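J.: Okay, so here is start_18.cif, and as you'll see once you scroll down, it has mmCIF, C-alpha atoms.
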data_query
loop_
_atom_site.label_atom_id
_atom_site.label_comp_id
_atom_site.auth_asym_id
_atom_site.auth_seq_id
_atom_site.Cartn_x
_atom_site.Cartn_y
_atom_site.Cartn_z
CA MET A 1 15.50 -18.82 -52.54
CA LYS A 2 15.89 -15.09 -51.93
CA GLU A 3 12.12 -14.88 -51.48
CA ILE A 4 12.19 -17.60 -48.81
CA ILE A 5 15.03 -15.85 -46.92
CA LYS A 6 13.13 -12.54 -47.17
CA ASN A 7 9.96 -14.19 -45.80
CA LYS A 8 11.92 -15.74 -42.92
CA LYS A 9 13.41 -12.34 -42.06
CA ASN A 10 9.93 -10.77 -42.13
CA ILE A 11 8.59 -13.50 -39.88
CA ILE A 12 11.50 -13.03 -37.45
CA ILE A 13 10.94 -9.24 -37.44
CA ILE A 14 7.21 -9.72 -36.80
CA LEU A 15 7.94 -12.19 -33.99
CA LEU A 16 10.45 -9.79 -32.42
CA VAL A 17 7.95 -6.92 -32.62
CA LEU A 18 5.27 -9.12 -31.05
CA LEU A 19 7.73 -10.14 -28.32
CA VAL A 20 8.57 -6.50 -27.56
CA VAL A 21 4.86 -5.61 -27.46
CA LEU A 22 4.15 -8.59 -25.18
CA ILE A 23 7.00 -7.63 -22.83
CA GLY A 24 5.66 -4.05 -22.82
CA ILE A 25 2.14 -5.22 -21.97
CA VAL A 26 3.40 -7.49 -19.16
CA THR A 27 5.62 -4.69 -17.78
CA ILE A 28 2.74 -2.18 -17.81
CA LYS A 29 0.37 -4.75 -16.24
CA ASN A 30 2.91 -5.53 -13.48
CA LYS A 31 3.44 -1.82 -12.85
CA ILE A 32 -0.32 -1.22 -12.57
CA GLU A 33 -0.69 -4.22 -10.24
CA LYS A 34 2.23 -3.04 -8.10
CA GLU A 35 0.74 0.45 -7.86
CA LYS A 36 -2.66 -1.03 -7.00
CA ASN A 37 -1.11 -3.15 -4.22
CA LYS A 38 0.61 -0.05 -2.82
CA LYS A 39 -2.73 1.78 -2.74
CA ILE A 40 -4.36 -1.19 -0.97
CA GLU A 41 -1.54 -1.19 1.63
CA LEU A 42 -1.94 2.57 2.07
CA GLY A 43 -5.72 2.20 2.46
CA ASN A 44 -5.37 -0.65 4.96
CA SER A 45 -2.86 1.31 7.05
CA ILE A 46 -5.04 4.44 7.22
CA TYR A 47 -8.26 2.45 7.70
CA GLU A 48 -6.68 0.70 10.69
CA LYS A 49 -5.70 4.07 12.20
CA VAL A 50 -9.15 5.61 11.86
CA HIS A 51 -10.85 2.38 13.01
CA ASN A 52 -8.67 2.31 16.15
CA LEU A 53 -9.47 5.98 16.75
CA TYR A 54 -13.20 5.17 16.83
CA PHE A 55 -12.64 1.90 18.71
CA TYR A 56 -10.49 2.97 21.67
CA GLY A 57 -9.06 6.42 20.98
CA GLY A 58 -6.15 5.28 18.82
CA ASP A 59 -3.06 7.46 19.20
CA ILE A 60 -4.67 10.14 21.35
CA VAL A 61 -2.36 11.55 24.03
CA TYR A 62 -3.90 13.50 26.90
CA GLU A 63 -2.47 16.51 28.75
CA THR A 64 -1.30 15.71 32.26
CA ASP A 65 -0.41 17.73 35.35
CA ASP A 66 2.72 17.53 37.52
CA LYS A 67 1.42 14.32 39.11
CA ASN A 68 0.91 12.72 35.71
CA THR A 69 -2.87 12.88 36.16
CA ARG A 70 -4.96 13.68 33.11
CA LYS A 71 -6.24 17.25 32.93
CA TYR A 72 -9.98 17.48 32.47
CA ILE A 73 -13.02 19.70 32.66
CA GLU A 74 -16.53 18.74 33.74
CA VAL A 75 -19.49 19.30 31.47
CA ASP A 76 -22.93 18.12 32.62
CA ASN A 77 -21.27 16.05 35.37
CA LYS A 78 -19.11 14.23 32.81
CA LYS A 79 -15.33 14.40 32.60
CA TYR A 80 -13.77 15.55 29.34
CA TYR A 81 -10.01 15.08 29.08
CA GLU A 82 -7.77 17.58 27.32
CA ILE A 83 -6.22 16.23 24.10
CA LYS A 84 -2.54 17.02 23.75
CA ASN A 85 -1.95 15.89 20.16
CA TYR A 86 -5.18 16.88 18.39
CA LYS A 87 -3.48 18.03 15.18
CA GLU A 88 -1.38 14.87 14.77
CA THR A 89 -4.20 12.50 15.67
CA PHE A 90 -7.10 14.20 13.91
CA GLU A 91 -6.13 16.96 11.48
CA ASN A 92 -3.28 14.97 9.91
CA LEU A 93 -5.51 11.94 9.45
CA ILE A 94 -8.96 13.30 8.56
CA THR A 95 -10.12 16.00 6.14
CA ASP A 96 -12.22 18.95 7.34
CA LYS A 97 -15.23 17.42 5.59
CA GLN A 98 -15.02 14.18 7.61
CA LEU A 99 -13.61 15.79 10.78
CA LEU A 100 -16.91 17.37 11.80
CA LYS A 101 -18.66 14.01 11.59
CA THR A 102 -15.84 12.32 13.54
CA SER A 103 -15.82 15.03 16.22
CA ASN A 104 -19.58 14.75 16.66
CA PHE A 105 -19.45 10.97 16.92
CA LEU A 106 -16.59 10.99 19.44
CA GLY A 107 -18.14 13.85 21.40
CA ILE A 108 -15.16 16.19 21.11
CA LYS A 109 -15.63 19.60 22.69
CA VAL A 110 -13.66 22.73 21.83
CA ILE A 111 -13.34 25.14 24.76
CA LYS A 112 -11.02 28.17 24.62
CA ASP A 113 -9.10 26.70 21.66
CA LYS A 114 -8.46 23.46 23.52
CA TYR A 115 -9.88 20.06 22.56
CA TYR A 116 -11.51 17.72 25.05
CA MET A 117 -12.95 14.23 24.81
CA LYS A 118 -14.55 11.68 27.10
CA ASP A 119 -12.49 8.62 27.93
CA TYR A 120 -14.01 5.60 26.28
CA GLY A 121 -13.51 2.19 24.76
CA ARG A 122 -15.82 -0.09 22.86
CA GLY A 123 -16.12 -3.84 22.66
CA LEU A 124 -17.31 -5.85 19.67
CA SER A 125 -16.61 -9.55 19.36
CA GLY A 126 -18.73 -10.24 16.28
CA TYR A 127 -16.59 -8.10 13.96
CA TYR A 128 -14.02 -9.93 11.84
CA GLY A 129 -12.24 -7.14 10.02
CA THR A 130 -12.68 -5.05 6.88
CA GLU A 131 -11.36 -5.77 3.40
CA LEU A 132 -10.69 -2.91 1.00
CA LYS A 133 -11.13 -3.11 -2.75
CA ILE A 134 -10.21 -0.24 -5.05
CA LYS A 135 -13.14 1.33 -6.85
CA LYS A 136 -11.42 4.31 -8.48
CA ILE A 137 -7.97 5.91 -8.42
CA ASN A 138 -6.68 9.26 -9.58
CA LYS A 139 -3.69 11.39 -8.64
CA ASN A 140 -5.18 12.94 -5.48
CA LYS A 141 -8.09 10.66 -4.63
CA ILE A 142 -8.59 6.95 -3.99
CA GLU A 143 -12.06 5.44 -3.60
CA TYR A 144 -12.38 2.04 -1.95
CA LYS A 145 -15.21 -0.35 -1.19
CA ALA A 146 -14.84 -1.28 2.49
CA SER A 147 -16.45 -4.66 3.11
CA SER A 148 -16.77 -5.39 6.85
CA LYS A 149 -17.26 -9.01 7.96
CA PHE A 150 -19.57 -9.88 10.84
CA CYS A 151 -20.65 -13.03 12.59
CA GLU A 152 -24.35 -13.77 12.30
CA ILE A 153 -25.69 -15.07 15.61
CA GLU A 154 -29.43 -15.41 15.76
CA TYR A 155 -30.59 -12.14 14.22
CA ARG A 156 -27.74 -9.67 14.87
CA ILE A 157 -24.05 -9.43 15.67
CA SER A 158 -22.60 -10.74 18.89
CA TYR A 159 -21.30 -8.35 21.52
CA GLY A 160 -19.95 -11.04 23.79
CA SER A 161 -19.73 -14.64 22.68
CA GLY A 162 -17.88 -14.58 19.36
CA CYS A 163 -18.83 -16.63 16.34
CA SER A 164 -19.88 -20.22 16.95
CA ASN A 165 -21.96 -21.15 13.92
CA GLU A 166 -19.61 -19.89 11.17
CA LYS A 167 -22.33 -17.87 9.47
CA TYR A 168 -21.12 -14.49 8.31
CA TYR A 169 -22.48 -11.47 6.53
CA TYR A 170 -20.90 -8.35 5.08
CA ILE A 171 -21.68 -4.65 5.15
CA GLU A 172 -20.15 -2.54 2.40
CA LYS A 173 -19.46 1.18 2.79
CA PRO A 174 -17.33 3.67 0.85
CA PHE A 175 -13.90 4.60 2.18
CA VAL A 176 -12.27 7.56 0.45
CA LEU A 177 -8.79 9.06 0.78
CA VAL A 178 -7.71 12.41 -0.65
CA LYS A 179 -4.27 14.00 -0.76
CA GLU A 180 -4.03 17.33 1.05
CA ASP A 181 -0.69 19.12 1.50
CA ASP A 182 1.03 15.93 0.31
CA ILE A 183 -0.68 13.87 3.05
CA TRP A 184 -3.27 11.18 2.39
CA LYS A 185 -6.32 11.84 4.60
CA VAL A 186 -9.70 10.24 5.19
CA GLU A 187 -12.48 12.07 3.36
CA GLU A 188 -15.24 9.49 3.80
CA TYR A 189 -15.48 6.76 6.42
CA THR A 190 -18.29 5.01 8.24
CA SER A 191 -17.29 3.34 11.47
CA ILE A 192 -18.67 -0.11 12.26
CA PHE A 193 -20.18 1.58 15.33
CA GLU A 194 -22.22 3.90 13.10
CA PHE A 195 -23.99 1.18 11.10
CA GLU A 196 -27.76 1.35 11.33
CA ASP A 197 -29.48 -1.39 13.31
CA SER A 198 -31.26 -2.52 10.14
CA LEU A 199 -27.85 -3.43 8.64
CA LEU A 200 -26.80 -5.50 11.65
CA LYS A 201 -28.56 -8.81 11.12
#
Before anything else, please render the file you have as structure tokens.

T.:
Amino acid sequence: MKEIIKNKKNIIIILLVLLVVLIGIVTIKNKIEKEKNKKIELGNSIYEKVHNLYFYGGDIVYETDDKNTRKYIEVDNKKYYEIKNYKETFENLITDKQLLKTSNFLGIKVIKDKYYMKDYGRGLSGYYGTELKIKKINKNKIEYKASSKFCEIEYRISYGSGCSNEKYYYIEKPFVLVKEDDIWKVEEYTSIFEFEDSLLK
């Protein structure tokens, strides 16, 4: 009888230990999933900012005169408007490594310590957004796979008519964030406007 009671106690102890271990595993798994979701939200938020910057100038604010007219200079018969919030819009969003590439693509000119850019906007109706998936995470760096969805019309994307045949294709590029001075910044990004023609079906 004592042996049976002892065995029951052992079984109960084992079951309790297993229950504690299971609760621990579920708690850790939920914590990891929650952290992963936060990193996806962070990535989506920053991706949207940098995408909008390439698409229509994002949060750029231009210097104006007393008549609220944009200040500009002319270079090769083209107007370049003076950027008022360069640091906030560019340096607080993009690392030095990526900033040179971004500046070249957007045609930013630095003249006498002031930043200038052409006014622009781009249209693209065949683009249906970008989904981020986490590839690798560490304390100060997050690597994503950025999968951009496009409408396939005839042999390449549509710049005017939208998607009518519901055929899509995806282009995957890396998107990398790093933490600098306690701010998450873009270290690697390829705009949908930089994709090679061979990738656009």

J.: With only C-alpha atoms as the basis for distance, which of A:Tyr169, A:Ile73, A:Lys49, A:Tyr56 is at the shortest distance from A:Leu106?

T.: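 Smallest distance to A:Leu106 is found for A:Tyr56.
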
J.: Can you spell out as a ChimeraX atom specification the set of residues that the PyMOL selection byres ((chain A and resi 87-90) around 9) selects in the structure I just provided?

T.: /A:53,58-61,84-86,91-95,99,102

J.: Apply the PyMOL selection byres ((chain A and resi 52) around 12) to the file shown and report the selected residues as a PDB file with C-alpha atoms, in the coordinates of the input.

T.:
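Result file selection29.pdb:
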ATOM      1  CA  SER A  45      -2.860   1.310   7.050  1.00  0.00           C
ATOM      2  CA  ILE A  46      -5.040   4.440   7.220  1.00  0.00           C
ATOM      3  CA  TYR A  47      -8.260   2.450   7.700  1.00  0.00           C
ATOM      4  CA  GLU A  48      -6.680   0.700  10.690  1.00  0.00           C
ATOM      5  CA  LYS A  49      -5.700   4.070  12.200  1.00  0.00           C
ATOM      6  CA  VAL A  50      -9.150   5.610  11.860  1.00  0.00           C
ATOM      7  CA  HIS A  51     -10.850   2.380  13.010  1.00  0.00           C
ATOM      8  CA  LEU A  53      -9.470   5.980  16.750  1.00  0.00           C
ATOM      9  CA  TYR A  54     -13.200   5.170  16.830  1.00  0.00           C
ATOM     10  CA  PHE A  55     -12.640   1.900  18.710  1.00  0.00           C
ATOM     11  CA  TYR A  56     -10.490   2.970  21.670  1.00  0.00           C
ATOM     12  CA  GLY A  57      -9.060   6.420  20.980  1.00  0.00           C
ATOM     13  CA  GLY A  58      -6.150   5.280  18.820  1.00  0.00           C
ATOM     14  CA  ASP A  59      -3.060   7.460  19.200  1.00  0.00           C
ATOM     15  CA  ILE A  60      -4.670  10.140  21.350  1.00  0.00           C
ATOM     16  CA  THR A  89      -4.200  12.500  15.670  1.00  0.00           C
ATOM     17  CA  TYR A 120     -14.010   5.600  26.280  1.00  0.00           C
ATOM     18  CA  GLY A 121     -13.510   2.190  24.760  1.00  0.00           C
ATOM     19  CA  ARG A 122     -15.820  -0.090  22.860  1.00  0.00           C
ATOM     20  CA  GLY A 123     -16.120  -3.840  22.660  1.00  0.00           C
ATOM     21  CA  GLY A 129     -12.240  -7.140  10.020  1.00  0.00           C
ATOM     22  CA  SER A 191     -17.290   3.340  11.470  1.00  0.00           C
ATOM     23  CA  ILE A 192     -18.670  -0.110  12.260  1.00  0.00           C
ATOM     24  CA  PHE A 193     -20.180   1.580  15.330  1.00  0.00           C
TER      25      PHE A 193
END

J.: Decode the PyMOL selection byres ((chain A and resi 113-117) around 6) for the given file into explicit residues and return them as a ChimeraX atom specification.

T.: /A:80-83,108-112,118

J.: In Å to one decimal, how far is atom CA of A:Lys29 from atom CA of A:Ala146?

T.: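 Computing it gives 24.4 Å between the two atoms.
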
J.: Taking only C-alpha atoms into account, name the residue in A:Lys101, A:Lys149, A:Lys141, A:Lys31 that is nearest to A:Tyr127.

T.: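 Of the candidates, the smallest distance to A:Tyr127 is held by A:Lys149.
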
J.: Could you tell me how far atom CA of A:Glu131 lies from atom CA of A:Lys145, in Å and to one decimal?

T.: 8.1 Å

J.: Using only C-alpha atoms, which of A:Lys173, A:Lys179, A:Lys185, A:Lys136 sits nearest A:Lys36?

T.: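 Selected residue with least distance to A:Lys36: A:Lys136.
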
J.: Using all atoms listed in the file, pick whichever of A:Phe150, A:Phe105, A:Tyr144, A:Tyr170 has the shortest atom-to-atom distance to A:Val186.

T.: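 Of A:Phe150, A:Phe105, A:Tyr144, A:Tyr170, the one nearest A:Val186, counting all atoms listed in the file, is A:Tyr144.
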